[in-house]
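Participant: File follows, coords-v3.cif with mmCIF, C-alpha atoms:
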data_model
#
loop_
_atom_site.label_atom_id
_atom_site.label_comp_id
_atom_site.auth_asym_id
_atom_site.auth_seq_id
_atom_site.Cartn_x
_atom_site.Cartn_y
_atom_site.Cartn_z
CA MET A 1 0.00 0.00 0.00
CA LEU A 2 2.84 2.38 0.90
CA GLY A 3 4.50 1.48 -2.40
CA GLY A 4 1.42 2.73 -4.27
CA LEU A 5 1.35 5.93 -2.21
CA LYS A 6 5.03 6.61 -2.85
CA SER A 7 4.78 5.90 -6.55
CA ILE A 8 1.86 8.35 -7.00
CA ILE A 9 3.63 11.10 -5.05
CA VAL A 10 6.90 10.60 -6.95
CA ARG A 11 5.02 10.46 -10.27
CA ASP A 12 3.18 13.75 -9.64
CA LEU A 13 6.32 15.49 -8.40
CA ARG A 14 8.27 14.33 -11.45
CA LEU A 15 5.46 15.46 -13.72
CA SER A 16 5.48 18.91 -12.13
CA MET A 17 9.24 19.16 -12.49
CA ARG A 18 8.75 18.64 -16.23
CA ARG A 19 6.22 21.51 -16.40
CA ARG A 20 7.63 23.96 -13.92
CA GLY A 21 5.27 26.70 -15.09
CA ASP A 22 2.45 25.01 -13.19
CA ILE A 23 4.32 25.38 -9.88
CA LEU A 24 5.65 28.85 -10.56
CA ASN A 25 2.29 30.28 -11.68
CA HIS A 26 0.56 30.09 -8.34
CA LEU A 27 3.70 31.00 -6.38
CA VAL A 28 4.18 34.15 -8.46
CA PHE A 29 0.46 34.85 -8.06
CA PHE A 30 0.79 34.52 -4.26
CA VAL A 31 3.79 36.85 -4.10
CA ILE A 32 2.19 39.44 -6.41
CA VAL A 33 -1.13 39.52 -4.52
CA VAL A 34 0.59 39.86 -1.15
CA THR A 35 2.91 42.56 -2.51
CA LEU A 36 0.14 44.58 -4.16
CA PHE A 37 -1.58 45.34 -0.85
CA PRO A 38 1.20 47.42 0.77
CA LEU A 39 1.52 49.29 -2.51
CA GLY A 40 -2.22 49.92 -2.62
CA VAL A 41 -3.02 50.83 0.98
CA GLY A 42 0.14 52.80 1.70
CA ALA A 43 3.07 52.34 4.07
CA GLU A 44 1.24 52.90 7.37
CA PRO A 45 2.86 50.20 9.63
CA ASN A 46 -0.11 49.79 12.03
CA LEU A 47 -2.55 49.37 9.16
CA LEU A 48 -0.26 46.87 7.40
CA ARG A 49 0.31 44.88 10.61
CA SER A 50 -3.43 44.58 11.24
CA MET A 51 -4.19 43.60 7.63
CA ALA A 52 -1.27 41.20 7.13
CA PRO A 53 -2.76 37.95 8.51
CA GLY A 54 -5.91 38.23 6.40
CA ILE A 55 -4.04 39.27 3.25
CA VAL A 56 -1.45 36.48 3.43
CA TRP A 57 -4.09 33.86 4.22
CA VAL A 58 -6.50 35.01 1.47
CA ALA A 59 -3.61 35.05 -1.03
CA ALA A 60 -2.57 31.54 0.06
CA LEU A 61 -6.14 30.37 -0.31
CA LEU A 62 -6.54 31.87 -3.80
CA ALA A 63 -3.15 30.47 -4.86
CA ALA A 64 -4.30 27.01 -3.76
CA MET A 65 -7.51 27.51 -5.78
CA LEU A 66 -5.45 28.16 -8.92
CA SER A 67 -3.82 24.73 -8.79
CA LEU A 68 -6.75 22.72 -7.43
CA GLN A 69 -8.49 22.22 -10.74
CA ARG A 70 -5.39 20.56 -12.14
CA MET A 71 -5.33 17.93 -9.38
CA PHE A 72 -7.26 15.40 -11.48
CA ALA A 73 -7.99 17.23 -14.75
CA ALA A 74 -4.88 16.20 -16.72
CA ASP A 75 -5.16 12.57 -15.59
CA HIS A 76 -8.84 12.62 -16.54
CA ALA A 77 -8.09 14.05 -19.99
CA ASP A 78 -5.40 11.53 -20.97
CA GLY A 79 -7.04 8.44 -19.45
CA SER A 80 -4.57 7.99 -16.56
CA LEU A 81 -7.34 8.49 -14.01
CA GLU A 82 -9.27 5.63 -15.58
CA GLN A 83 -6.27 3.38 -14.96
CA MET A 84 -6.04 4.65 -11.38
CA LEU A 85 -9.68 3.71 -10.76
CA ILE A 86 -8.94 0.11 -11.71
CA SER A 87 -5.48 0.08 -10.22
CA ALA A 88 -4.16 -2.71 -8.00
CA HIS A 89 -3.78 -0.06 -5.28
CA PRO A 90 -6.85 1.08 -3.32
CA LEU A 91 -8.29 4.29 -4.80
CA GLY A 92 -8.10 5.96 -1.38
CA VAL A 93 -4.33 5.47 -1.34
CA ILE A 94 -3.99 6.98 -4.80
CA VAL A 95 -6.16 9.95 -3.79
CA VAL A 96 -4.05 10.53 -0.66
CA GLY A 97 -0.92 10.40 -2.83
CA LYS A 98 -2.30 13.00 -5.20
CA ILE A 99 -3.36 15.27 -2.32
CA VAL A 100 0.06 14.99 -0.67
CA ALA A 101 1.75 15.78 -4.01
CA HIS A 102 -0.57 18.78 -4.48
CA TRP A 103 0.32 20.08 -1.03
CA LEU A 104 4.06 19.57 -1.58
CA LEU A 105 3.81 21.58 -4.80
CA SER A 106 1.43 24.33 -3.70
CA GLY A 107 0.89 24.53 0.06
CA LEU A 108 4.46 23.89 1.19
CA PRO A 109 6.13 26.47 -1.11
CA VAL A 110 3.54 29.08 -0.08
CA THR A 111 4.21 28.25 3.59
CA LEU A 112 7.95 28.64 3.08
CA LEU A 113 7.49 31.93 1.23
CA ALA A 114 5.02 33.39 3.75
CA PRO A 115 7.57 34.60 6.37
CA VAL A 116 9.56 36.26 3.59
CA VAL A 117 6.59 38.16 2.17
CA GLY A 118 5.32 38.75 5.72
CA VAL A 119 8.33 40.94 6.45
CA GLN A 120 6.93 43.71 4.23
CA PHE A 121 3.96 43.98 6.63
CA ASP A 122 6.26 44.66 9.59
CA LEU A 123 5.02 41.56 11.44
CA SER A 124 6.78 40.65 14.69
CA GLN A 125 8.99 37.59 14.78
CA GLN A 126 6.43 35.78 16.95
CA ALA A 127 3.66 36.59 14.43
CA LEU A 128 5.81 35.36 11.52
CA VAL A 129 6.40 32.05 13.32
CA VAL A 130 2.65 31.65 13.97
CA LEU A 131 1.89 32.62 10.36
CA THR A 132 4.23 29.88 9.13
CA VAL A 133 2.86 27.28 11.56
CA SER A 134 -0.76 28.19 10.73
CA LEU A 135 -0.05 27.79 7.02
CA LEU A 136 1.79 24.54 7.68
CA VAL A 137 -1.29 23.16 9.42
CA GLY A 138 -3.91 24.94 7.32
CA THR A 139 -2.69 24.50 3.74
CA PRO A 140 -3.02 20.67 3.85
CA VAL A 141 -6.69 21.26 4.73
CA LEU A 142 -7.01 23.37 1.57
CA SER A 143 -5.56 20.51 -0.50
CA LEU A 144 -7.76 17.92 1.22
CA ILE A 145 -11.04 19.85 0.89
CA GLY A 146 -10.02 21.12 -2.53
CA GLY A 147 -9.49 17.54 -3.68
CA VAL A 148 -13.15 16.77 -2.97
CA GLY A 149 -14.20 19.83 -5.00
CA ALA A 150 -11.82 18.97 -7.85
CA ALA A 151 -13.24 15.44 -8.03
CA LEU A 152 -16.85 16.64 -7.88
CA THR A 153 -16.32 19.11 -10.73
CA LEU A 154 -14.29 16.74 -12.91
CA GLY A 155 -15.25 17.07 -16.56
CA VAL A 156 -17.94 19.64 -15.79
CA ARG A 157 -18.14 22.61 -18.16
CA GLY A 158 -17.20 25.76 -16.23
CA GLY A 159 -15.80 23.52 -13.53
CA GLY A 160 -13.37 26.20 -12.31
CA VAL A 161 -16.14 28.55 -11.18
CA LEU A 162 -18.16 25.69 -9.72
CA LEU A 163 -15.08 24.46 -7.87
CA ALA A 164 -14.60 27.92 -6.31
CA LEU A 165 -18.28 28.07 -5.33
CA LEU A 166 -18.07 24.62 -3.76
CA VAL A 167 -14.85 24.88 -1.80
CA LEU A 168 -14.45 28.56 -0.88
CA PRO A 169 -17.24 28.42 1.74
CA LEU A 170 -15.57 25.34 3.23
CA PHE A 171 -12.27 27.22 3.43
CA ILE A 172 -13.81 29.96 5.62
CA PRO A 173 -13.13 28.27 9.01
CA VAL A 174 -9.52 27.64 7.97
CA LEU A 175 -9.16 31.28 6.96
CA ILE A 176 -10.71 32.54 10.21
CA PHE A 177 -8.59 30.40 12.53
CA GLY A 178 -5.43 30.73 10.44
CA ALA A 179 -5.55 34.51 10.23
CA GLY A 180 -6.96 34.77 13.78
CA GLY A 181 -3.97 32.96 15.26
CA VAL A 182 -1.55 35.39 13.61
CA THR A 183 -3.59 38.38 14.82
CA GLU A 184 -3.46 37.02 18.40
CA ALA A 185 0.30 36.47 18.17
CA GLN A 186 0.74 39.99 16.81
CA ALA A 187 -1.15 41.29 19.86
CA GLY A 188 1.18 39.30 22.13
CA MET A 189 -1.43 36.68 23.05
CA SER A 190 -1.38 32.92 22.68
CA ALA A 191 -2.25 31.51 19.26
CA SER A 192 -2.64 27.98 20.62
CA PRO A 193 -6.47 27.84 20.55
CA HIS A 194 -6.55 28.87 16.88
CA LEU A 195 -3.78 26.49 15.93
CA SER A 196 -5.44 23.67 17.87
CA LEU A 197 -8.68 24.24 16.00
CA LEU A 198 -6.77 24.26 12.71
CA GLY A 199 -5.21 20.97 13.79
CA ALA A 200 -8.67 19.58 14.51
CA PHE A 201 -9.83 20.64 11.03
CA LEU A 202 -6.77 18.93 9.56
CA ALA A 203 -7.47 15.71 11.46
CA MET A 204 -11.13 15.74 10.40
CA SER A 205 -10.23 16.48 6.77
CA CYS A 206 -7.65 13.66 6.76
CA VAL A 207 -10.38 11.23 7.74
CA VAL A 208 -13.24 12.48 5.55
CA ALA A 209 -11.68 14.07 2.45
CA PRO A 210 -9.86 11.07 0.85
CA TRP A 211 -12.97 8.94 1.23
CA ALA A 212 -15.23 11.69 -0.19
CA THR A 213 -12.80 12.37 -3.05
CA SER A 214 -12.64 8.67 -3.97
CA ALA A 215 -16.44 8.45 -3.95
CA ALA A 216 -16.70 11.57 -6.13
CA LEU A 217 -14.20 10.16 -8.62
CA ARG A 218 -16.16 6.91 -8.89
CA VAL A 219 -19.37 8.89 -9.45
CA ALA A 220 -17.64 10.96 -12.15
CA TYR A 221 -16.82 7.77 -14.06
CA ASP A 222 -20.09 5.95 -13.42
CA MET B 1 -15.23 -20.16 -15.55
CA LEU B 2 -13.29 -16.92 -15.13
CA LEU B 3 -15.84 -14.25 -15.98
CA GLN B 4 -19.59 -14.45 -15.94
CA ALA B 5 -22.08 -11.70 -16.77
CA SER B 6 -25.76 -12.22 -16.13
CA GLN B 7 -28.78 -10.12 -17.07
CA LEU B 8 -26.52 -7.15 -17.74
CA ALA B 9 -28.17 -3.85 -18.67
CA CYS B 10 -26.55 -0.51 -19.43
CA GLU B 11 -28.08 2.96 -19.65
CA ARG B 12 -26.55 6.21 -20.75
CA GLY B 13 -28.81 9.10 -19.78
CA ASP B 14 -32.32 8.10 -20.85
CA VAL B 15 -31.07 5.64 -23.46
CA ARG B 16 -30.94 1.91 -22.68
CA LEU B 17 -27.98 0.62 -24.69
CA PHE B 18 -28.55 -3.06 -23.98
CA SER B 19 -30.32 -5.29 -21.51
CA GLY B 20 -30.50 -8.96 -20.55
CA LEU B 21 -26.95 -9.53 -21.78
CA GLU B 22 -25.39 -12.81 -20.66
CA PHE B 23 -21.98 -14.28 -21.38
CA ALA B 24 -19.29 -16.37 -19.76
CA LEU B 25 -15.60 -16.48 -20.50
CA GLY B 26 -13.15 -19.18 -19.54
CA GLU B 27 -9.42 -19.73 -19.86
CA GLY B 28 -8.08 -19.33 -23.39
CA GLU B 29 -11.33 -17.80 -24.63
CA LEU B 30 -11.83 -14.66 -26.66
CA LEU B 31 -14.93 -12.50 -26.61
CA LEU B 32 -15.25 -10.14 -29.53
CA VAL B 33 -17.70 -7.29 -28.94
CA GLN B 34 -19.03 -5.86 -32.17
CA GLY B 35 -21.60 -3.32 -33.23
CA PRO B 36 -22.01 0.07 -34.83
CA ASN B 37 -20.80 3.31 -33.24
CA GLY B 38 -22.81 4.17 -30.14
CA SER B 39 -24.15 0.66 -29.67
CA GLY B 40 -22.53 0.32 -26.24
CA LYS B 41 -19.31 -1.60 -26.93
CA THR B 42 -17.12 0.71 -24.86
CA SER B 43 -19.82 0.93 -22.18
CA LEU B 44 -19.86 -2.87 -21.93
CA LEU B 45 -16.07 -3.00 -21.62
CA ARG B 46 -16.16 -0.33 -18.92
CA LEU B 47 -18.79 -2.32 -17.02
CA VAL B 48 -16.66 -5.45 -17.21
CA ALA B 49 -13.57 -3.49 -16.11
CA GLY B 50 -15.51 -2.20 -13.09
CA LEU B 51 -15.26 1.43 -14.16
CA SER B 52 -19.01 1.92 -14.16
CA ARG B 53 -22.04 0.25 -12.64
CA PRO B 54 -24.56 -1.71 -14.68
CA ALA B 55 -28.20 -0.54 -14.60
CA ALA B 56 -29.05 -4.17 -13.84
CA GLY B 57 -27.32 -7.52 -13.60
CA THR B 58 -24.05 -8.73 -12.14
CA ILE B 59 -20.53 -9.49 -13.30
CA ARG B 60 -18.69 -12.24 -11.47
CA TRP B 61 -14.96 -13.00 -11.50
CA ARG B 62 -14.17 -16.54 -10.42
CA GLY B 63 -17.67 -16.64 -8.92
CA GLU B 64 -17.46 -13.41 -6.91
CA ASP B 65 -19.07 -10.06 -7.69
CA ILE B 66 -16.43 -7.70 -9.09
CA ARG B 67 -17.86 -4.78 -7.06
CA GLU B 68 -16.94 -6.67 -3.89
CA LEU B 69 -13.55 -7.85 -5.15
CA ARG B 70 -12.40 -4.33 -6.14
CA GLU B 71 -8.56 -4.31 -6.05
CA GLY B 72 -8.53 -8.10 -5.95
CA TYR B 73 -10.16 -8.05 -9.39
CA ALA B 74 -8.07 -5.09 -10.57
CA ARG B 75 -4.87 -7.03 -9.90
CA GLU B 76 -5.99 -9.69 -12.39
CA LEU B 77 -7.19 -7.30 -15.06
CA LEU B 78 -5.39 -5.38 -17.76
CA PHE B 79 -7.52 -2.67 -19.36
CA VAL B 80 -6.49 -0.63 -22.37
CA GLY B 81 -9.18 1.93 -23.04
CA HIS B 82 -9.83 4.44 -25.80
CA SER B 83 -7.50 6.91 -24.10
CA ASN B 84 -3.87 5.90 -24.05
CA ALA B 85 -3.11 7.07 -20.49
CA VAL B 86 0.23 8.31 -21.80
CA LYS B 87 1.82 11.31 -20.11
CA GLU B 88 3.29 13.63 -22.72
CA GLU B 89 6.02 14.77 -20.33
CA PHE B 90 7.32 11.24 -19.81
CA SER B 91 9.16 9.01 -22.23
CA ALA B 92 7.72 5.74 -23.52
CA ASP B 93 9.88 3.85 -21.03
CA GLU B 94 8.73 6.00 -18.10
CA ASN B 95 5.10 5.66 -19.16
CA LEU B 96 5.47 1.89 -19.38
CA ALA B 97 7.08 1.72 -15.91
CA LEU B 98 4.27 3.88 -14.48
CA SER B 99 1.48 1.85 -16.02
CA LEU B 100 3.04 -1.33 -14.64
CA GLU B 101 3.27 0.23 -11.19
CA MET B 102 -0.44 1.14 -11.36
CA GLY B 103 -1.13 -2.52 -11.96
CA GLY B 104 0.99 -3.44 -8.95
CA ARG B 105 3.81 -4.83 -11.11
CA ARG B 106 7.41 -3.90 -11.74
CA ALA B 107 9.69 -4.78 -14.61
CA SER B 108 13.44 -4.39 -14.98
CA ALA B 109 14.81 -1.78 -17.37
CA SER B 110 15.91 -4.53 -19.72
CA ALA B 111 12.44 -6.15 -19.72
CA ARG B 112 10.87 -2.77 -20.50
CA ALA B 113 13.40 -2.13 -23.26
CA GLU B 114 12.58 -5.54 -24.73
CA ALA B 115 8.85 -4.78 -24.59
CA LEU B 116 9.32 -1.44 -26.32
CA GLU B 117 11.50 -3.07 -28.95
CA ARG B 118 8.86 -5.70 -29.63
CA ILE B 119 6.18 -3.05 -30.06
CA GLY B 120 8.48 -1.06 -32.38
CA LEU B 121 9.47 1.83 -30.12
CA ALA B 122 13.09 0.95 -29.35
CA ARG B 123 14.45 4.08 -31.04
CA ARG B 124 11.86 6.31 -29.35
CA ALA B 125 12.03 4.82 -25.86
CA ARG B 126 13.70 7.85 -24.24
CA LEU B 127 11.90 10.56 -26.19
CA PRO B 128 9.21 12.57 -24.36
CA SER B 129 5.88 11.21 -25.55
CA ARG B 130 4.70 14.61 -26.79
CA TYR B 131 7.01 14.05 -29.78
CA LEU B 132 5.36 10.73 -30.66
CA SER B 133 2.65 10.29 -33.27
CA GLN B 134 -0.84 9.06 -32.35
CA GLY B 135 0.02 5.55 -33.50
CA GLN B 136 3.24 5.56 -31.48
CA LYS B 137 1.36 6.71 -28.38
CA ARG B 138 -1.05 3.84 -28.91
CA ARG B 139 1.95 1.51 -29.04
CA VAL B 140 3.19 2.92 -25.72
CA ALA B 141 -0.19 2.08 -24.18
CA LEU B 142 -0.07 -1.41 -25.69
CA ALA B 143 3.54 -2.10 -24.69
CA ARG B 144 2.13 -3.31 -21.36
CA LEU B 145 0.77 -6.35 -23.17
CA CYS B 146 4.34 -7.60 -23.67
CA LEU B 147 4.80 -7.73 -19.88
CA ALA B 148 1.28 -8.78 -18.93
CA SER B 149 1.35 -12.54 -19.19
CA ASP B 150 0.32 -12.86 -15.52
CA TYR B 151 -2.91 -10.89 -15.94
CA PRO B 152 -5.60 -13.53 -16.55
CA LEU B 153 -8.01 -11.08 -18.20
CA TRP B 154 -7.23 -8.52 -20.89
CA ILE B 155 -9.88 -5.98 -21.83
CA LEU B 156 -8.91 -4.08 -24.97
CA ASP B 157 -11.02 -1.28 -26.38
CA GLU B 158 -10.17 -0.73 -30.05
CA PRO B 159 -6.56 -1.82 -29.51
CA PHE B 160 -5.73 -1.68 -33.23
CA ALA B 161 -6.86 1.91 -33.77
CA ALA B 162 -4.12 4.11 -35.29
CA LEU B 163 -1.68 1.18 -35.63
CA ASP B 164 0.19 0.37 -38.83
CA THR B 165 0.16 -3.17 -40.27
CA ARG B 166 3.33 -4.28 -38.51
CA ALA B 167 2.23 -3.03 -35.09
CA LEU B 168 -1.20 -4.56 -35.66
CA GLU B 169 0.40 -7.94 -36.35
CA THR B 170 2.50 -7.63 -33.20
CA VAL B 171 -0.56 -6.88 -31.06
CA VAL B 172 -2.50 -9.75 -32.65
CA SER B 173 0.41 -12.10 -31.88
CA LEU B 174 0.45 -10.85 -28.27
CA VAL B 175 -3.28 -11.56 -27.97
CA ASP B 176 -2.76 -14.99 -29.57
CA GLY B 177 0.04 -15.76 -27.13
CA HIS B 178 -2.08 -14.71 -24.16
CA LEU B 179 -4.95 -16.93 -25.27
CA GLU B 180 -2.57 -19.85 -25.79
CA ARG B 181 -1.27 -19.43 -22.24
CA GLY B 182 -4.84 -19.76 -20.97
CA GLY B 183 -5.67 -16.09 -20.54
CA ALA B 184 -9.02 -14.58 -21.47
CA VAL B 185 -9.47 -11.59 -23.76
CA ILE B 186 -12.40 -9.26 -24.41
CA LEU B 187 -11.92 -6.82 -27.23
CA THR B 188 -13.71 -4.48 -29.57
CA THR B 189 -12.49 -3.66 -33.03
CA HIS B 190 -13.81 -2.41 -36.33
CA GLN B 191 -10.84 -3.89 -38.17
CA GLU B 192 -10.64 -7.29 -39.81
CA VAL B 193 -8.13 -9.28 -37.79
CA THR B 194 -7.50 -12.98 -37.44
CA ILE B 195 -7.00 -14.11 -33.89
CA ALA B 196 -6.27 -17.79 -33.37
CA ALA B 197 -8.40 -18.46 -30.30
CA ARG B 198 -9.38 -22.00 -29.38
CA THR B 199 -12.81 -20.70 -28.42
CA ARG B 200 -14.09 -17.38 -29.59
CA PHE B 201 -17.48 -15.88 -29.51
CA SER B 202 -18.98 -12.59 -30.42
CA ILE B 203 -21.56 -10.28 -29.03
CA VAL B 204 -23.16 -7.99 -31.55
CA LEU B 205 -24.71 -4.96 -29.93
CA GLU B 206 -27.31 -3.23 -32.02
CA GLY B 207 -27.78 -0.04 -30.04
#
Let me see whether you can do it: turn the structure in this file into structure tokens.

Facilitator:
Amino acid sequence: MLGGLKSIIVRDLRLSMRRRGDILNHLVFFVIVVTLFPLGVGAEPNLLRSMAPGIVWVAALLAAMLSLQRMFAADHADGSLEQMLISAHPLGVIVVGKIVAHWLLSGLPVTLLAPVVGVQFDLSQQALVVLTVSLLVGTPVLSLIGGVGAALTLGVRGGGVLLALLVLPLFIPVLIFGAGGVTEAQAGMSASPHLSLLGAFLAMSCVVAPWATSAALRVAYD
Amino acid sequence: MLLQASQLACERGDVRLFSGLEFALGEGELLLVQGPNGSGKTSLLRLVAGLSRPAAGTIRWRGEDIRELREGYARELLFVGHSNAVKEEFSADENLALSLEMGGRRASASARAEALERIGLARRARLPSRYLSQGQKRRVALARLCLASDYPLWILDEPFAALDTRALETVVSLVDGHLERGGAVILTTHQEVTIAARTRFSIVLEG
């Protein structure tokens, strides 16, 4: 089972290395969106500090949205997904592999970039640490929930818009607790409750999302 | 008996493509599914592969319902569909290795090279598949057949499409060899091919 998981992750990572534009697109998008805000609202440090958690989190969320539709679309188009559905490995394992690969290519780079782009908002060191940790815990939830949306909208005309309508409302709790934790840290308070709730969302998503994604993929092919 | 379908019915939207379909397939037997475009040939193959659910009826593999067997059935099944499942970014060799991994198999580099040589892709084995023609991509998808002697059931949807005469003969000989070894094959084709099966039967879907 672990062999199947590893082979899917390695396959998707190798595929992305061969079309680097896919990875760079959403990273550049993330950096540009986060950078546009200080330019637009002016260089007032207090204003920037108070807006930073929300801006970085919304940008991370939108960057994840950009890559979500591709999670299954290319495999669906060339018939690879069909082979995955009748693979010797359980579909749930393949789905988990694809979600992990998606996170490694979208969530993790955004998480690593966040403290760098966060500096332009004059965030304290403590707030930057919490921002990174919140993204580290929260971005896998985006990939997990997004996977369900990507599977549900597979092959649907205008699937991109539908995907956004389906998953953005589900991202709201992640956004609230992710950005809320950074705001608390910025104010010198403990971010633990927010991070714990994010962790709970991650645990719940890990249990429900692969199963729901597998079911949605089977329905898409039925 | 390896495969048994009983009272099989298939619907696409409001259209009933076929109903009450029954067949059984044993070792060394070939089932040729024929019919005009849109008659349900691909739909039947997808039902048998377990990709979609029948509107009615059951499909049994060695006496057990394929919906319950799931991966247990998948491990014994090789399915080549209309789409080639070939990644343009990967070479023929990489695609072959990946498709084998999906089926829970591995093959050495030399075995893969031999398979690609047999299917006529030796000189293109390392080239990214985006540079291959449609027929060559089809050969990449079919190269699995050279390393698939341990899959008891082959389901091939239009395997000869886009192939030249030489590749077609190679694929026919692979199918022949599989049947001789006691494997079972279900295939659809619009082309006139001669497959030397001990037992062969046809289903003609009328749509």

Participant: Give me, as a Markdown table, each residue of chain B that comes within 7 Å of chain A, together with its shortest interatomic pair and the distance in Å at one decimal, counting only C-alpha atoms, with rows ordered by chain and rising residue number.

Facilitator:
| residue | atom | partner | partner_atom | distance |
| --- | --- | --- | --- | --- |
| B:Leu51 | CA | A:Tyr221 | CA | 6.5 |
| B:Ser52 | CA | A:Asp222 | CA | 4.2 |
| B:Arg53 | CA | A:Asp222 | CA | 6.1 |
| B:Glu71 | CA | A:Ala88 | CA | 5.1 |
| B:Ala74 | CA | A:Ala88 | CA | 5.2 |
| B:Arg75 | CA | A:Ala88 | CA | 4.8 |
| B:Ser83 | CA | A:Gly79 | CA | 4.9 |
| B:Asn84 | CA | A:Gly79 | CA | 6.1 |
| B:Ala85 | CA | A:Gly79 | CA | 4.3 |
| B:Val86 | CA | A:Asp78 | CA | 6.5 |
| B:Glu89 | CA | A:Arg18 | CA | 6.3 |
| B:Met102 | CA | A:Ser87 | CA | 5.3 |
| B:Gly103 | CA | A:Ala88 | CA | 5.0 |
| B:Gly104 | CA | A:Ala88 | CA | 5.3 |

Participant: Exactly which residues make up the result of the PyMOL selection byres ((chain A and resi 102) around 9) on this file, given as a short mmCIF file (atom, residue, chain, number, x, y, z; two decimals) with C-alpha atoms, keeping the file's coordinate frame?

Facilitator:
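After the write, part09.cif holds the following:
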data_model
loop_
_atom_site.label_atom_id
_atom_site.label_comp_id
_atom_site.auth_asym_id
_atom_site.auth_seq_id
_atom_site.Cartn_x
_atom_site.Cartn_y
_atom_site.Cartn_z
CA ILE A 9 3.63 11.10 -5.05
CA ASP A 12 3.18 13.75 -9.64
CA LEU A 13 6.32 15.49 -8.40
CA SER A 67 -3.82 24.73 -8.79
CA LEU A 68 -6.75 22.72 -7.43
CA MET A 71 -5.33 17.93 -9.38
CA GLY A 97 -0.92 10.40 -2.83
CA LYS A 98 -2.30 13.00 -5.20
CA ILE A 99 -3.36 15.27 -2.32
CA VAL A 100 0.06 14.99 -0.67
CA ALA A 101 1.75 15.78 -4.01
CA TRP A 103 0.32 20.08 -1.03
CA LEU A 104 4.06 19.57 -1.58
CA LEU A 105 3.81 21.58 -4.80
CA SER A 106 1.43 24.33 -3.70
CA GLY A 107 0.89 24.53 0.06
CA PRO A 140 -3.02 20.67 3.85
CA SER A 143 -5.56 20.51 -0.50
#

Participant: Applying 7 Å and all atoms listed in the file, which residues near range 166-180 of chain A remain after dropping the ones on its own chain fewer than 4 positions away? List them as a PDB file with C-alpha atoms, keeping the file's coordinate frame.

Facilitator:
ATOM      1  CA  PRO A  53      -2.760  37.950   8.510  1.00  0.00           C
ATOM      2  CA  GLY A  54      -5.910  38.230   6.400  1.00  0.00           C
ATOM      3  CA  TRP A  57      -4.090  33.860   4.220  1.00  0.00           C
ATOM      4  CA  SER A 134      -0.760  28.190  10.730  1.00  0.00           C
ATOM      5  CA  GLY A 138      -3.910  24.940   7.320  1.00  0.00           C
ATOM      6  CA  LEU A 142      -7.010  23.370   1.570  1.00  0.00           C
ATOM      7  CA  ILE A 145     -11.040  19.850   0.890  1.00  0.00           C
ATOM      8  CA  GLY A 146     -10.020  21.120  -2.530  1.00  0.00           C
ATOM      9  CA  GLY A 149     -14.200  19.830  -5.000  1.00  0.00           C
ATOM     10  CA  LEU A 162     -18.160  25.690  -9.720  1.00  0.00           C
ATOM     11  CA  GLU A 184      -3.460  37.020  18.400  1.00  0.00           C
ATOM     12  CA  HIS A 194      -6.550  28.870  16.880  1.00  0.00           C
ATOM     13  CA  LEU A 198      -6.770  24.260  12.710  1.00  0.00           C
TER      14      LEU A 198
END

Participant: Considering all atoms listed in the file, return as a list in words whatever protein or nucleic-acid residues lie within 7 Å of Ser202 in chain B, sequence-local ones (same chain, fewer than 4 positions apart) excluded.

Facilitator: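 Residues meeting the cut-off are Leu31, Leu32, Val33 and Gln34 of chain B.
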
Participant: Just say which residues the PyMOL selection byres ((chain B and resi 158) around 7) picks in this file, as a list of chain:residue names.

Facilitator: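 For this structure, the PyMOL selection byres ((chain B and resi 158) around 7) captures B:His82, B:Leu156, B:Asp157, B:Pro159, B:Phe160, B:Ala161, B:Leu187, B:Thr188, B:Thr189.
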
Participant: Which residues fall under the PyMOL selection byres ((chain B and resi 58-64) around 7) in this file, as a list in words?

Facilitator: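 For this structure, the PyMOL selection byres ((chain B and resi 58-64) around 7) captures Met1, Leu2, Leu3, Gln4, Ala5, Ser6, Gln7, Leu8, Val48, Ala56, Gly57, Asp65 and Ile66 of chain B.
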
Participant: Residues within 10 Å of Leu163 in chain B, please, as a ChimeraX atom specification. Count only C-alpha atoms; anything in the same chain fewer than 3 positions from it doesn't count.

Facilitator: /B:134-139,159-160,166-169,171

Participant: Provide the CA of Thr111 in chain A to CA of Val31 in chain A distance in Å, to one decimal place.

Facilitator: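 So the answer is 11.5 Å.
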
Participant: So how far away is CA of Ser173 in chain B from CA of Ala92 in chain B, in Å?

Facilitator: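 If I compute the distance from CA of Ala92 in chain B to CA of Ser173 in chain B, I get 21.0 Å.
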
Participant: Which of these, A:Val93, A:Ala52, A:Ala59, A:Ala185, has the shortest distance to Ile32 in chain A once you count all atoms listed in the file?

Facilitator: A:Ala59

Participant: Counting only C-alpha atoms, which of B:Ser129, B:Leu77, B:Ala196, B:Ser91 gets nearest to Ser149 in chain B?

Facilitator: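 Among B:Ser129, B:Leu77, B:Ala196, B:Ser91, it is B:Leu77 that comes nearest to Ser149 in chain B.
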
Participant: Name all residues at most 9 Å from Thr132 in chain A (count only C-alpha atoms; drop same-chain ones fewer than 2 positions away) and give them as a ChimeraX atom specification.

Facilitator: /A:111-115,127-130,134-137

Participant: Could you give me, as a list of chain:residue names, the residues within 7 Å of Leu96 in chain B, counting all atoms listed in the file and dropping anything in the same chain fewer than 2 positions from it?

Facilitator: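 Everything that qualifies: B:Ala92, B:Asp93, B:Glu94, B:Leu98, B:Ser99, B:Leu100, B:Val140, B:Ala143, B:Arg144.
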
Participant: Draw an axis-aligned box over all listed atoms of range 76-80 of chain A, pad each side with 6 Å, and write its centre and edge lengths in Å, one decimal, as JSON.

Facilitator:
{"center_x": -6.7, "center_y": 11.0, "center_z": -18.8, "size_x": 16.3, "size_y": 18.1, "size_z": 16.4}
